[in-house]
file query21.csv (CSV, C-alpha atoms and all ligand atoms)
chain,number,residue,atom,x,y,z
F,1,MET,CA,0.0,0.0,0.0
F,2,GLN,CA,1.2,3.5,-0.8
F,3,PRO,CA,2.0,5.6,2.2
F,4,SER,CA,-0.4,8.5,2.7
F,5,LEU,CA,0.9,11.9,1.6
F,6,ASP,CA,-1.1,13.7,4.3
F,7,ARG,CA,2.0,14.8,6.1
F,8,LEU,CA,3.0,17.0,3.1
F,9,LEU,CA,0.2,19.5,3.5
F,10,ARG,CA,0.8,22.4,5.8
F,11,THR,CA,-1.2,22.1,9.1
F,12,SER,CA,-3.0,25.5,8.4
F,13,LEU,CA,-4.4,24.1,5.1
F,14,ARG,CA,-6.0,21.0,6.5
F,15,GLY,CA,-9.8,21.1,6.3
F,16,PHE,CA,-9.5,24.1,3.9
F,17,ALA,CA,-11.5,24.5,0.7
F,18,PRO,CA,-10.2,26.4,-2.3
F,19,TYR,CA,-11.9,29.7,-3.4
F,20,LYS,CA,-15.2,28.8,-5.1
F,21,PRO,CA,-16.1,31.1,-8.0
F,22,GLY,CA,-19.7,31.5,-9.2
F,23,THR,CA,-21.3,29.1,-11.7
F,24,SER,CA,-19.9,29.7,-15.2
F,25,VAL,CA,-21.9,30.4,-18.3
F,26,ASP,CA,-20.5,27.3,-20.0
F,27,GLU,CA,-21.7,25.2,-17.1
F,28,VAL,CA,-25.3,26.5,-17.3
F,29,LYS,CA,-25.3,26.1,-21.1
F,30,ARG,CA,-24.1,22.5,-20.7
F,31,ARG,CA,-26.4,21.6,-17.8
F,32,TYR,CA,-29.6,23.4,-18.8
F,33,GLY,CA,-29.2,23.9,-22.5
F,34,PHE,CA,-29.7,27.7,-22.4
F,35,GLU,CA,-28.1,29.5,-25.4
F,36,HIS,CA,-27.7,32.8,-23.5
F,37,PRO,CA,-27.8,32.5,-19.8
F,38,VAL,CA,-28.0,35.7,-17.9
F,39,LYS,CA,-24.9,36.0,-15.7
F,40,LEU,CA,-25.4,38.3,-12.7
F,41,SER,CA,-23.0,36.4,-10.4
F,42,GLN,CA,-19.5,37.9,-10.5
F,43,ASN,CA,-20.0,41.7,-10.3
F,44,GLU,CA,-18.5,42.2,-13.8
F,45,ASN,CA,-19.3,45.1,-16.1
F,46,PRO,CA,-22.3,44.2,-18.2
F,47,LEU,CA,-21.2,46.6,-20.9
F,48,GLY,CA,-18.1,44.5,-21.5
F,49,THR,CA,-14.6,45.9,-21.7
F,50,SER,CA,-13.4,49.5,-22.3
F,51,PRO,CA,-13.2,49.9,-26.1
F,52,ARG,CA,-10.1,52.0,-25.7
F,53,ALA,CA,-8.4,49.1,-23.8
F,54,LEU,CA,-9.3,46.6,-26.4
F,55,ALA,CA,-8.0,48.9,-29.2
F,56,ALA,CA,-4.7,49.5,-27.3
F,57,MET,CA,-4.2,45.7,-26.9
F,58,GLN,CA,-4.5,45.3,-30.7
F,59,HIS,CA,-1.3,47.4,-31.1
F,60,ILE,CA,0.9,45.1,-29.0
F,61,ALA,CA,3.6,44.0,-31.4
F,62,ALA,CA,5.4,41.4,-29.3
F,63,LEU,CA,5.3,39.5,-26.0
F,64,SER,CA,8.6,37.8,-26.3
F,65,ASP,CA,10.5,40.1,-23.9
F,66,TYR,CA,9.9,40.7,-20.2
F,67,ASP,CA,8.0,43.9,-19.7
F,68,GLU,CA,9.6,46.5,-17.4
F,69,ASP,CA,9.0,45.4,-13.8
F,70,ASP,CA,8.3,48.9,-12.5
F,71,HIS,CA,5.6,50.0,-15.0
F,72,ARG,CA,6.6,53.6,-14.2
F,73,THR,CA,4.3,55.3,-16.7
F,74,LEU,CA,1.3,53.4,-15.4
F,75,LYS,CA,2.2,54.2,-11.8
F,76,GLU,CA,2.5,57.9,-12.7
F,77,ARG,CA,-0.9,57.8,-14.3
F,78,LEU,CA,-2.4,56.2,-11.3
F,79,ALA,CA,-0.7,58.6,-8.9
F,80,ARG,CA,-1.6,61.8,-10.9
F,81,PRO,CA,-5.2,62.4,-9.9
F,82,TYR,CA,-4.3,62.2,-6.3
F,83,VAL,CA,-1.0,64.2,-6.7
F,84,LEU,CA,0.8,61.3,-5.2
F,85,ASP,CA,4.3,59.9,-6.1
F,86,VAL,CA,5.1,56.7,-8.0
F,87,GLY,CA,6.4,55.4,-4.7
F,88,ASN,CA,2.9,55.5,-3.3
F,89,VAL,CA,1.6,53.0,-5.9
F,90,ILE,CA,1.8,49.2,-5.8
F,91,LEU,CA,0.6,47.1,-8.8
F,92,GLY,CA,-0.7,43.5,-8.6
F,93,HIS,CA,-2.0,40.6,-10.7
F,94,GLY,CA,-5.5,41.6,-9.7
F,95,SER,CA,-6.1,43.2,-6.3
F,96,ASN,CA,-6.3,39.6,-5.0
F,97,GLU,CA,-2.5,39.4,-5.3
F,98,LEU,CA,-2.2,42.6,-3.3
F,99,VAL,CA,-4.2,41.0,-0.5
F,100,MET,CA,-1.8,38.1,-0.6
F,101,LEU,CA,1.1,40.4,-0.4
F,102,VAL,CA,-0.3,42.0,2.8
F,103,PHE,CA,-0.3,38.6,4.4
F,104,GLY,CA,3.1,37.6,3.0
F,105,ALA,CA,4.7,40.9,4.3
F,106,PHE,CA,3.0,41.4,7.6
F,107,VAL,CA,1.3,38.4,9.1
F,108,ASP,CA,3.2,35.7,11.1
F,109,PRO,CA,1.4,32.6,12.3
F,110,GLY,CA,-0.7,33.5,15.3
F,111,ASP,CA,-0.9,37.2,14.4
F,112,GLU,CA,-4.4,38.6,14.5
F,113,VAL,CA,-6.4,40.1,11.6
F,114,VAL,CA,-9.6,41.8,12.2
F,115,LEU,CA,-12.3,41.8,9.6
F,116,ALA,CA,-16.1,41.9,9.2
F,117,THR,CA,-18.4,39.0,8.6
F,118,PRO,CA,-19.6,38.6,6.0
F,119,THR,CA,-17.0,40.3,3.8
F,120,PHE,CA,-14.9,39.3,0.8
F,121,SER,CA,-14.0,35.7,1.4
F,122,LEU,CA,-10.5,36.0,0.3
F,123,PHE,CA,-9.4,37.9,3.4
F,124,ARG,CA,-10.1,35.0,5.6
F,125,LYS,CA,-8.7,32.4,3.2
F,126,ASP,CA,-5.4,34.2,2.7
F,127,ALA,CA,-5.1,34.6,6.5
F,128,GLN,CA,-5.5,30.9,6.9
F,129,VAL,CA,-2.8,30.2,4.3
F,130,VAL,CA,-0.2,32.0,6.4
F,131,GLY,CA,-1.6,30.7,9.7
F,132,GLY,CA,-2.9,34.1,10.8
F,133,THR,CA,-5.9,34.2,13.2
F,134,THR,CA,-8.9,36.0,11.9
F,135,VAL,CA,-11.1,37.9,14.4
F,136,GLU,CA,-14.4,38.2,12.6
F,137,VAL,CA,-16.9,40.9,13.7
F,138,PRO,CA,-20.5,40.6,12.5
F,139,LEU,CA,-22.0,43.4,10.4
F,140,ARG,CA,-24.6,45.5,12.1
F,141,ASP,CA,-27.7,46.0,9.9
F,142,GLY,CA,-25.5,44.9,7.0
F,143,VAL,CA,-22.8,47.5,7.6
F,144,HIS,CA,-19.3,47.2,9.1
F,145,ASP,CA,-19.6,47.6,12.9
F,146,LEU,CA,-16.5,49.8,13.3
F,147,ASP,CA,-17.0,50.3,17.0
F,148,ALA,CA,-17.0,46.5,17.6
F,149,MET,CA,-14.1,46.1,15.1
F,150,LEU,CA,-12.1,48.7,17.1
F,151,ALA,CA,-12.9,46.9,20.3
F,152,ALA,CA,-11.6,43.6,18.7
F,153,VAL,CA,-8.1,45.1,18.1
F,154,THR,CA,-5.5,43.7,20.5
F,155,PRO,CA,-1.7,44.0,20.8
F,156,LYS,CA,-1.6,40.9,18.5
F,157,THR,CA,-3.5,42.7,15.7
F,158,LYS,CA,-1.4,43.4,12.6
F,159,VAL,CA,-4.1,44.2,10.0
F,160,VAL,CA,-7.7,45.4,9.9
F,161,PHE,CA,-9.7,45.0,6.7
F,162,VAL,CA,-12.6,47.4,5.8
F,163,CYS,CA,-14.3,46.5,2.5
F,164,ASP,CA,-16.0,49.7,1.3
F,165,PRO,CA,-18.4,49.1,-0.4
F,166,ASN,CA,-18.6,45.7,1.2
F,167,ASN,CA,-18.8,42.5,-0.8
F,168,PRO,CA,-21.3,40.7,-0.5
F,169,THR,CA,-23.7,43.2,1.0
F,170,GLY,CA,-22.9,46.2,-1.2
F,171,THR,CA,-23.1,48.5,1.8
F,172,ARG,CA,-20.7,51.3,2.6
F,173,VAL,CA,-19.5,52.8,5.9
F,174,ALA,CA,-20.3,56.4,6.8
F,175,ARG,CA,-17.5,58.8,6.0
F,176,GLU,CA,-17.2,60.3,9.5
F,177,ALA,CA,-17.3,56.8,11.1
F,178,LEU,CA,-14.5,55.6,8.8
F,179,PHE,CA,-12.3,58.6,9.7
F,180,ALA,CA,-13.0,58.3,13.4
F,181,PHE,CA,-12.1,54.6,13.2
F,182,ALA,CA,-8.9,55.2,11.2
F,183,LYS,CA,-7.7,57.8,13.8
F,184,ALA,CA,-8.6,55.6,16.8
F,185,LEU,CA,-6.8,52.5,15.4
F,186,PRO,CA,-3.3,52.0,16.9
F,187,SER,CA,-0.9,53.7,14.4
F,188,ASP,CA,1.1,50.5,14.0
F,189,VAL,CA,-1.8,48.5,12.7
F,190,LEU,CA,-2.2,48.3,8.9
F,191,LEU,CA,-5.7,49.5,7.8
F,192,VAL,CA,-6.6,47.9,4.4
F,193,ILE,CA,-9.5,49.6,2.7
F,194,ASP,CA,-10.6,47.4,-0.2
F,195,GLN,CA,-12.4,49.7,-2.7
F,196,ALA,CA,-12.9,47.3,-5.7
F,197,TYR,CA,-16.2,49.1,-6.4
F,198,ARG,CA,-15.1,52.7,-5.6
F,199,GLU,CA,-16.0,54.0,-9.1
F,200,TYR,CA,-19.7,53.1,-8.6
F,201,MET,CA,-20.0,55.0,-5.4
F,202,ASP,CA,-22.0,58.3,-5.4
F,203,ALA,CA,-20.7,61.6,-4.0
F,204,ASP,CA,-21.3,60.5,-0.4
F,205,GLY,CA,-18.8,57.6,-0.8
F,206,THR,CA,-15.4,57.9,0.9
F,207,ASP,CA,-12.2,57.9,-1.1
F,208,GLY,CA,-9.8,55.7,0.8
F,209,VAL,CA,-6.9,57.9,-0.3
F,210,ASP,CA,-8.3,60.7,1.9
F,211,VAL,CA,-7.9,58.3,4.8
F,212,LEU,CA,-4.3,57.5,3.7
F,213,ARG,CA,-3.5,61.2,3.8
F,214,VAL,CA,-4.2,61.4,7.5
F,215,ARG,CA,-3.1,57.9,8.5
F,216,PRO,CA,0.1,56.6,7.0
F,217,ALA,CA,-0.4,52.9,7.9
F,218,THR,CA,-3.2,52.6,5.4
F,219,LEU,CA,-3.4,50.6,2.1
F,220,VAL,CA,-6.2,51.4,-0.4
F,221,LEU,CA,-6.9,48.7,-2.9
F,222,ARG,CA,-8.5,49.2,-6.3
F,223,THR,CA,-9.0,47.0,-9.4
F,224,ALA,CA,-9.4,47.1,-13.1
F,225,SER,CA,-11.7,44.1,-12.9
F,226,LYS,CA,-15.0,45.9,-12.3
F,227,ILE,CA,-15.8,49.3,-13.9
F,228,TYR,CA,-13.0,49.0,-16.6
F,229,GLY,CA,-14.3,45.5,-17.6
F,230,LEU,CA,-10.8,44.0,-17.4
F,231,ALA,CA,-11.3,41.1,-15.0
F,232,SER,CA,-9.6,38.7,-17.4
F,233,VAL,CA,-6.3,40.5,-17.7
F,234,ARG,CA,-5.9,40.5,-13.9
F,235,PHE,CA,-4.8,43.9,-12.7
F,236,GLY,CA,-5.2,45.6,-9.3
F,237,TYR,CA,-3.4,48.5,-7.7
F,238,GLY,CA,-3.0,50.0,-4.3
F,239,TYR,CA,-2.1,53.3,-2.7
F,240,ALA,CA,0.0,53.5,0.5
F,241,SER,CA,3.1,55.1,2.0
F,242,PRO,CA,6.4,54.5,0.3
F,243,GLN,CA,7.5,52.3,3.3
F,244,ILE,CA,4.4,50.0,3.1
F,245,VAL,CA,4.8,49.9,-0.7
F,246,ALA,CA,8.5,48.9,-0.4
F,247,TRP,CA,7.6,46.1,2.1
F,248,LEU,CA,4.9,44.7,-0.1
F,249,ASP,CA,7.3,44.9,-3.0
F,250,ARG,CA,9.6,42.5,-1.1
F,251,VAL,CA,7.1,39.6,-1.5
F,252,ARG,CA,5.8,40.5,-4.9
F,253,LEU,CA,6.6,38.1,-7.8
F,254,PRO,CA,8.9,39.8,-10.5
F,255,PHE,CA,7.0,40.9,-13.6
F,256,ASN,CA,3.6,40.3,-11.8
F,257,VAL,CA,1.8,42.6,-14.2
F,258,ALA,CA,1.7,41.3,-17.8
F,259,ARG,CA,2.1,43.6,-20.7
F,260,PRO,CA,-1.5,43.1,-22.1
F,261,ALA,CA,-2.8,44.2,-18.6
F,262,ALA,CA,-0.5,47.2,-18.4
F,263,VAL,CA,-1.4,48.4,-22.0
F,264,ALA,CA,-5.1,47.8,-21.5
F,265,VAL,CA,-5.3,49.6,-18.1
F,266,LEU,CA,-3.4,52.6,-19.2
F,267,ALA,CA,-5.9,53.1,-22.0
F,268,ALA,CA,-9.0,52.2,-19.9
F,269,LEU,CA,-8.1,54.8,-17.3
F,270,ASP,CA,-8.7,57.5,-19.9
F,271,ASP,CA,-11.9,56.0,-21.3
F,272,ASP,CA,-14.2,58.6,-19.9
F,273,ASP,CA,-17.1,57.7,-22.2
F,274,PHE,CA,-17.0,54.1,-21.1
F,275,ILE,CA,-16.7,54.9,-17.5
F,276,ALA,CA,-19.6,57.3,-17.6
F,277,ALA,CA,-21.8,54.8,-19.5
F,278,SER,CA,-21.0,52.1,-17.0
F,279,VAL,CA,-21.9,54.4,-14.1
F,280,ALA,CA,-25.1,55.5,-15.8
F,281,ASN,CA,-26.1,51.8,-16.6
F,282,ASN,CA,-25.4,50.9,-13.0
F,283,GLU,CA,-27.5,53.7,-11.5
F,284,ARG,CA,-30.4,52.9,-13.9
F,285,GLY,CA,-30.1,49.2,-13.0
F,286,MET,CA,-30.0,49.9,-9.3
F,287,ARG,CA,-33.3,51.9,-9.7
F,288,GLN,CA,-34.8,49.1,-11.8
F,289,LEU,CA,-34.0,46.5,-9.2
F,290,GLY,CA,-34.7,48.7,-6.2
F,291,ASP,CA,-38.1,49.7,-7.5
F,292,ALA,CA,-39.1,46.1,-8.2
F,293,PHE,CA,-37.8,44.8,-4.8
F,294,ALA,CA,-39.9,47.6,-3.0
F,295,ARG,CA,-43.0,46.7,-5.1
F,296,LEU,CA,-42.5,43.0,-4.3
F,297,GLY,CA,-41.9,43.7,-0.6
F,298,VAL,CA,-38.5,42.0,-0.4
F,299,HIS,CA,-35.6,43.6,1.6
F,300,ALA,CA,-32.4,44.6,-0.1
F,301,TYR,CA,-29.5,46.4,1.6
F,302,PRO,CA,-28.8,49.8,0.2
F,303,SER,CA,-25.9,49.2,-2.2
F,304,ALA,CA,-23.1,51.6,-3.2
F,305,ALA,CA,-21.6,49.0,-5.6
F,306,ASN,CA,-22.7,47.2,-8.8
F,307,PHE,CA,-24.6,44.4,-7.0
F,308,VAL,CA,-27.3,44.1,-4.5
F,309,ALA,CA,-28.0,41.6,-1.7
F,310,VAL,CA,-31.7,40.7,-1.7
F,311,GLU,CA,-33.6,38.7,0.9
F,312,VAL,CA,-35.5,35.5,-0.2
F,313,PRO,CA,-38.2,33.7,1.8
F,314,VAL,CA,-36.6,30.3,1.1
F,315,ALA,CA,-33.1,28.9,1.6
F,316,ALA,CA,-30.7,31.0,-0.5
F,317,GLU,CA,-29.3,27.8,-2.2
F,318,ASP,CA,-32.8,26.8,-3.3
F,319,ALA,CA,-33.6,30.3,-4.7
F,320,TYR,CA,-30.2,30.3,-6.5
F,321,ALA,CA,-31.0,26.8,-8.0
F,322,ALA,CA,-34.5,27.8,-9.1
F,323,LEU,CA,-33.2,30.9,-10.9
F,324,LEU,CA,-30.4,28.8,-12.5
F,325,GLU,CA,-33.0,26.4,-13.9
F,326,ARG,CA,-34.5,29.5,-15.6
F,327,GLY,CA,-31.2,30.5,-17.1
F,328,VAL,CA,-30.3,33.3,-14.5
F,329,ILE,CA,-27.0,32.9,-12.6
F,330,THR,CA,-26.9,34.7,-9.2
F,331,ARG,CA,-24.8,34.0,-6.1
F,332,SER,CA,-26.3,32.1,-3.2
F,333,GLY,CA,-25.7,34.0,0.0
F,334,ASP,CA,-25.2,30.6,1.8
F,335,GLY,CA,-21.6,30.4,0.5
F,336,LEU,CA,-21.0,34.0,1.1
F,337,GLY,CA,-21.9,34.1,4.8
F,338,MET,CA,-25.2,35.7,4.0
F,339,PRO,CA,-27.9,33.0,4.4
F,340,GLY,CA,-31.4,34.0,3.2
F,341,ARG,CA,-30.1,36.3,0.6
F,342,LEU,CA,-28.9,36.3,-3.0
F,343,ARG,CA,-26.2,38.5,-4.4
F,344,VAL,CA,-27.3,39.9,-7.8
F,345,THR,CA,-25.0,41.9,-10.0
F,346,VAL,CA,-26.6,44.8,-11.9
F,347,GLY,CA,-26.8,43.9,-15.6
F,348,THR,CA,-28.0,45.6,-18.7
F,349,PRO,CA,-31.7,46.7,-18.5
F,350,GLU,CA,-32.7,43.6,-20.5
F,351,GLU,CA,-30.7,41.3,-18.1
F,352,ASN,CA,-32.2,42.9,-15.1
F,353,ALA,CA,-35.7,42.5,-16.5
F,354,ALA,CA,-35.0,38.8,-17.3
F,355,PHE,CA,-33.9,38.3,-13.7
F,356,LEU,CA,-36.9,40.2,-12.3
F,357,ASP,CA,-39.4,38.3,-14.4
F,358,ALA,CA,-38.0,35.0,-13.2
F,359,PHE,CA,-37.7,36.3,-9.6
F,360,GLU,CA,-41.3,37.5,-9.4
F,361,VAL,CA,-42.7,34.3,-10.7
F,362,LEU,CA,-40.6,32.3,-8.2
F,363,LEU,CA,-41.4,34.6,-5.3
F,364,ALA,CA,-45.1,33.9,-5.7
F,365,THR,CA,-44.4,30.2,-5.6
F,366,TRP,CA,-42.1,30.5,-2.6
F,367,ARG,CA,-44.6,32.6,-0.7
F,368,ALA,CA,-47.4,30.1,-1.5
F,369,ARG,CA,-45.5,27.3,0.1
F,370,PRO,CA,-46.9,25.7,3.3
F,371,ILE,CA,-45.1,26.9,6.4
F,372,GLU,CA,-43.5,23.4,7.1
F,373,ALA,CA,-41.9,23.4,3.6
F,374,LEU,CA,-40.0,26.6,4.4
F,375,THR,CA,-38.1,25.0,7.3
F,401,LIG,C1,-14.0,43.4,-2.5
F,401,LIG,C2,-13.3,42.8,-3.6
F,401,LIG,N1,-12.0,43.0,-3.7
F,401,LIG,C3,-11.3,42.5,-4.8
F,401,LIG,C4,-11.9,41.7,-5.8
F,401,LIG,C5,-11.2,41.1,-6.9
F,401,LIG,O1,-10.3,41.9,-7.5
F,401,LIG,P1,-9.3,41.5,-8.6
F,401,LIG,O2,-10.1,40.9,-9.8
F,401,LIG,O3,-8.6,42.7,-8.9
F,401,LIG,O4,-8.4,40.4,-8.0
F,401,LIG,C6,-13.3,41.5,-5.7
F,401,LIG,C7,-13.9,40.7,-6.8
F,401,LIG,O5,-15.0,40.3,-6.7
F,401,LIG,C8,-14.0,42.1,-4.6
F,401,LIG,O6,-15.3,41.9,-4.5

call {"tool": "encode", "arguments": {"input": "query21.csv", "output": "C-alpha cells"}}
result
Amino acid sequence: MQPSLDRLLRTSLRGFAPYKPGTSVDEVKRRYGFEHPVKLSQNENPLGTSPRALAAMQHIAALSDYDEDDHRTLKERLARPYVLDVGNVILGHGSNELVMLVFGAFVDPGDEVVLATPTFSLFRKDAQVVGGTTVEVPLRDGVHDLDAMLAAVTPKTKVVFVCDPNNPTGTRVAREALFAFAKALPSDVLLVIDQAYREYMDADGTDGVDVLRVRPATLVLRTASKIYGLASVRFGYGYASPQIVAWLDRVRLPFNVARPAAVAVLAALDDDDFIAASVANNERGMRQLGDAFARLGVHAYPSAANFVAVEVPVAAEDAYAALLERGVITRSGDGLGMPGRLRVTVGTPEENAAFLDAFEVLLATWRARPIEALT
C-alpha cells in the first residue's frame, strides 16, 4: 500500500476549501441547454470591456520580452489624480494578489487580523494560508460595525480590513465613522480599505486615499476588474506610504503585471465615455432592481456598488438553484456568509428585466409554500 501523503500538506491548510467562484456560463449552457444564460453572479461590467483598452491591446507588437517590472508610466498615471508619487503605488496581478502580499509581508502565524463577517471571502482564506488568526466581527444592519471592530483590536492585531463598499452586502460605511475609526486604530496596525467598487459610489462615498493622507499605515486597494471591464487581464493597484509599498514589493513576484494588462489599463483609465456609460447603466439598473424589490416587498441592503443583496423567503441555495433552472445565474448567500439572501449583479436593462421576471414568478411560488416546507 502506498504511504499517505497527508504529512506533506501544511497544518494550516487541512480542512480548507479552495476559493469557489460563481457558476460559469458554460456550465449553465451544458447543464440546462440555455443558449444565452443571464450571468449576474460575478460583479462584472455588463457593458463589456473598455473599447479603448481593447483597441490598445491590438497594437501590442510582441510579447517575447519581459516587460519593465516597475511600470513607471502606469504608476505615474495612477498617482496623478491624487497628486501622489510613484512610490505611493503598488501594482498587482489583480487586487487579489495585493491582499496576498499583505499577508506575506505582515502576518506571522498567530498574528491577528480583524475583519467583518460577511465580507470578501479571500481575506479569511489568505489569512489561513499563512496561519494568521482572523477575528471576525458581525456586520450591524448589513454594515461594518466599526466600534466593535475597534474593540476587537489587541496587541496581536497586525491588519484590519474594511471593504468599502462591502462584498457581498454592497453597503458602505459612513465617511465620518471611517475617519474616526482610522484615527482611533493604533498607528502601527495596517488598515486595508478594499475599494474594488469605488468608481460606482456616489458623491457620499469615501475615497480611501483621503484616509491614507491622515493615517500613513493605510493601504487602499482598487481593481481594473470591475468598472473597466478587465477582470480577465488580472490587474489591481494600491495606494500606500512608500514604506508600506516597499515592504509589499519584497514579497511580490517579479513581472507580476503582464504587458497586455498594463497596456489595457493605461488606455482604460482615460476611457471617460465608457466609465460614464458604466456608471449610468449601474445607476439605472439599481433603480430598476430597487423599485421592483420595493414593489414586491423584499428587503435589499442599500448598495453603493454594482450588485445588491436581496432577501428571499426560502433557503438561498434553493432560490439560486431555481433561478439557475430559468437561465439566470446569481450567487447564493449561503456560500458568502449571508444565508437567506442572493447577491445579484446589476446587468443591462434587459438582463435585469429577465432576472426580475423569473424572480417575481418564483417569489409567488415561494410565498405560496406551506409553512413546514419553508423550514
Ligand atoms: C471586495 C473585492 N476585492 C477584490 C476583488 C477582486 O479583485 P481582482 O479581480 O482585482 O483580483 C473583488 C472581486 O470580486 C472584490 O469583491

call {"tool": "residues_near_ligand", "arguments": {"input": "query21.csv", "ligand": "ligand LIG 401 (chain F)", "cutoff": "9 Å", "atoms": "only C-alpha atoms and all ligand atoms", "output": "PyMOL selection string"}}
result
chain F and resi 42-44+92-99+119-122+163-168+194-197+221-226+230-237

call {"tool": "closest_residue", "arguments": {"input": "query21.csv", "among": "F:Val159, F:Ala258, F:Met338, F:Val129", "to": "F:Ser12", "atoms": "all atoms listed in the file"}}
result
F:Val129

call {"tool": "closest_atom_pairs", "arguments": {"input": "query21.csv", "of": "stretch 247-288 of chain F", "to": "stretch 100-104 of chain F", "cutoff": "7 Å", "atoms": "all atoms listed in the file", "output": "CSV"}}
result
residue,atom,partner,partner_atom,distance
F:Leu248,CA,F:Leu101,CA,5.7
F:Val251,CA,F:Leu101,CA,6.2
F:Arg252,CA,F:Leu101,CA,6.5

call {"tool": "closest_residue", "arguments": {"input": "query21.csv", "among": "F:Leu266, F:Val113, F:Ala174, F:Ala203", "to": "F:Asp126", "atoms": "all atoms listed in the file"}}
result
F:Val113

call {"tool": "atom_distance", "arguments": {"input": "query21.csv", "atom1": "atom CA of F:Leu54", "atom2": "atom CA of F:Tyr200"}}
result
21.6 Å

call {"tool": "residues_around", "arguments": {"input": "query21.csv", "residues": "F:Asp145", "least_positions_apart": "3", "cutoff": "12 Å", "atoms": "all atoms listed in the file", "output": "PyMOL selection string"}}
result
chain F and resi 114-119+136-142+148-152+161-163+166+171-174+177-178+181

call {"tool": "atom_distance", "arguments": {"input": "query21.csv", "atom1": "atom CA of F:Glu351", "atom2": "atom CA of F:Val38"}}
result
6.2 Å

call {"tool": "closest_residue", "arguments": {"input": "query21.csv", "among": "F:Pro254, F:Gly340, F:Gly87, F:Gly347", "to": "F:Val328", "atoms": "all atoms listed in the file"}}
result
F:Gly347

call {"tool": "atom_distance", "arguments": {"input": "query21.csv", "atom1": "atom CA of F:Ser332", "atom2": "atom CA of F:Gly33"}}
result
21.2 Å

call {"tool": "decode", "arguments": {"input": "query21.csv", "residues": "stretch 161-175 of chain F", "atoms": "N, CA and C atoms", "output": "PDB file, in the first residue's frame"}}
result
ATOM      1  N   PHE F 161      -9.174  44.835   8.024  1.00  0.00           N
ATOM      2  CA  PHE F 161      -9.739  45.021   6.680  1.00  0.00           C
ATOM      3  C   PHE F 161     -11.082  45.729   6.755  1.00  0.00           C
ATOM      4  N   VAL F 162     -11.245  46.765   5.952  1.00  0.00           N
ATOM      5  CA  VAL F 162     -12.559  47.380   5.758  1.00  0.00           C
ATOM      6  C   VAL F 162     -12.841  47.322   4.263  1.00  0.00           C
ATOM      7  N   CYS F 163     -13.915  46.659   3.900  1.00  0.00           N
ATOM      8  CA  CYS F 163     -14.270  46.518   2.486  1.00  0.00           C
ATOM      9  C   CYS F 163     -15.373  47.543   2.207  1.00  0.00           C
ATOM     10  N   ASP F 164     -15.060  48.549   1.400  1.00  0.00           N
ATOM     11  CA  ASP F 164     -15.977  49.685   1.253  1.00  0.00           C
ATOM     12  C   ASP F 164     -16.094  50.112  -0.214  1.00  0.00           C
ATOM     13  N   PRO F 165     -17.194  49.805  -0.888  1.00  0.00           N
ATOM     14  CA  PRO F 165     -18.365  49.050  -0.450  1.00  0.00           C
ATOM     15  C   PRO F 165     -18.032  47.588  -0.158  1.00  0.00           C
ATOM     16  N   ASN F 166     -18.846  47.017   0.753  1.00  0.00           N
ATOM     17  CA  ASN F 166     -18.579  45.650   1.191  1.00  0.00           C
ATOM     18  C   ASN F 166     -19.159  44.624   0.222  1.00  0.00           C
ATOM     19  N   ASN F 167     -18.350  43.628  -0.092  1.00  0.00           N
ATOM     20  CA  ASN F 167     -18.827  42.450  -0.801  1.00  0.00           C
ATOM     21  C   ASN F 167     -19.040  41.383   0.284  1.00  0.00           C
ATOM     22  N   PRO F 168     -20.213  40.798   0.445  1.00  0.00           N
ATOM     23  CA  PRO F 168     -21.321  40.652  -0.503  1.00  0.00           C
ATOM     24  C   PRO F 168     -22.538  41.564  -0.254  1.00  0.00           C
ATOM     25  N   THR F 169     -22.501  42.480   0.698  1.00  0.00           N
ATOM     26  CA  THR F 169     -23.727  43.222   1.014  1.00  0.00           C
ATOM     27  C   THR F 169     -23.918  44.477   0.160  1.00  0.00           C
ATOM     28  N   GLY F 170     -22.821  45.020  -0.389  1.00  0.00           N
ATOM     29  CA  GLY F 170     -22.904  46.238  -1.204  1.00  0.00           C
ATOM     30  C   GLY F 170     -22.940  47.513  -0.378  1.00  0.00           C
ATOM     31  N   THR F 171     -22.967  47.349   0.939  1.00  0.00           N
ATOM     32  CA  THR F 171     -23.110  48.516   1.822  1.00  0.00           C
ATOM     33  C   THR F 171     -21.785  49.261   1.957  1.00  0.00           C
ATOM     34  N   ARG F 172     -21.895  50.551   2.328  1.00  0.00           N
ATOM     35  CA  ARG F 172     -20.679  51.325   2.588  1.00  0.00           C
ATOM     36  C   ARG F 172     -20.715  51.843   4.020  1.00  0.00           C
ATOM     37  N   VAL F 173     -19.545  52.206   4.517  1.00  0.00           N
ATOM     38  CA  VAL F 173     -19.503  52.784   5.864  1.00  0.00           C
ATOM     39  C   VAL F 173     -19.639  54.292   5.748  1.00  0.00           C
ATOM     40  N   ALA F 174     -20.188  54.920   6.793  1.00  0.00           N
ATOM     41  CA  ALA F 174     -20.331  56.373   6.766  1.00  0.00           C
ATOM     42  C   ALA F 174     -18.938  57.010   6.845  1.00  0.00           C
ATOM     43  N   ARG F 175     -18.779  58.099   6.115  1.00  0.00           N
ATOM     44  CA  ARG F 175     -17.486  58.766   5.991  1.00  0.00           C
ATOM     45  C   ARG F 175     -16.906  59.160   7.366  1.00  0.00           C
TER      46      ARG F 175
END
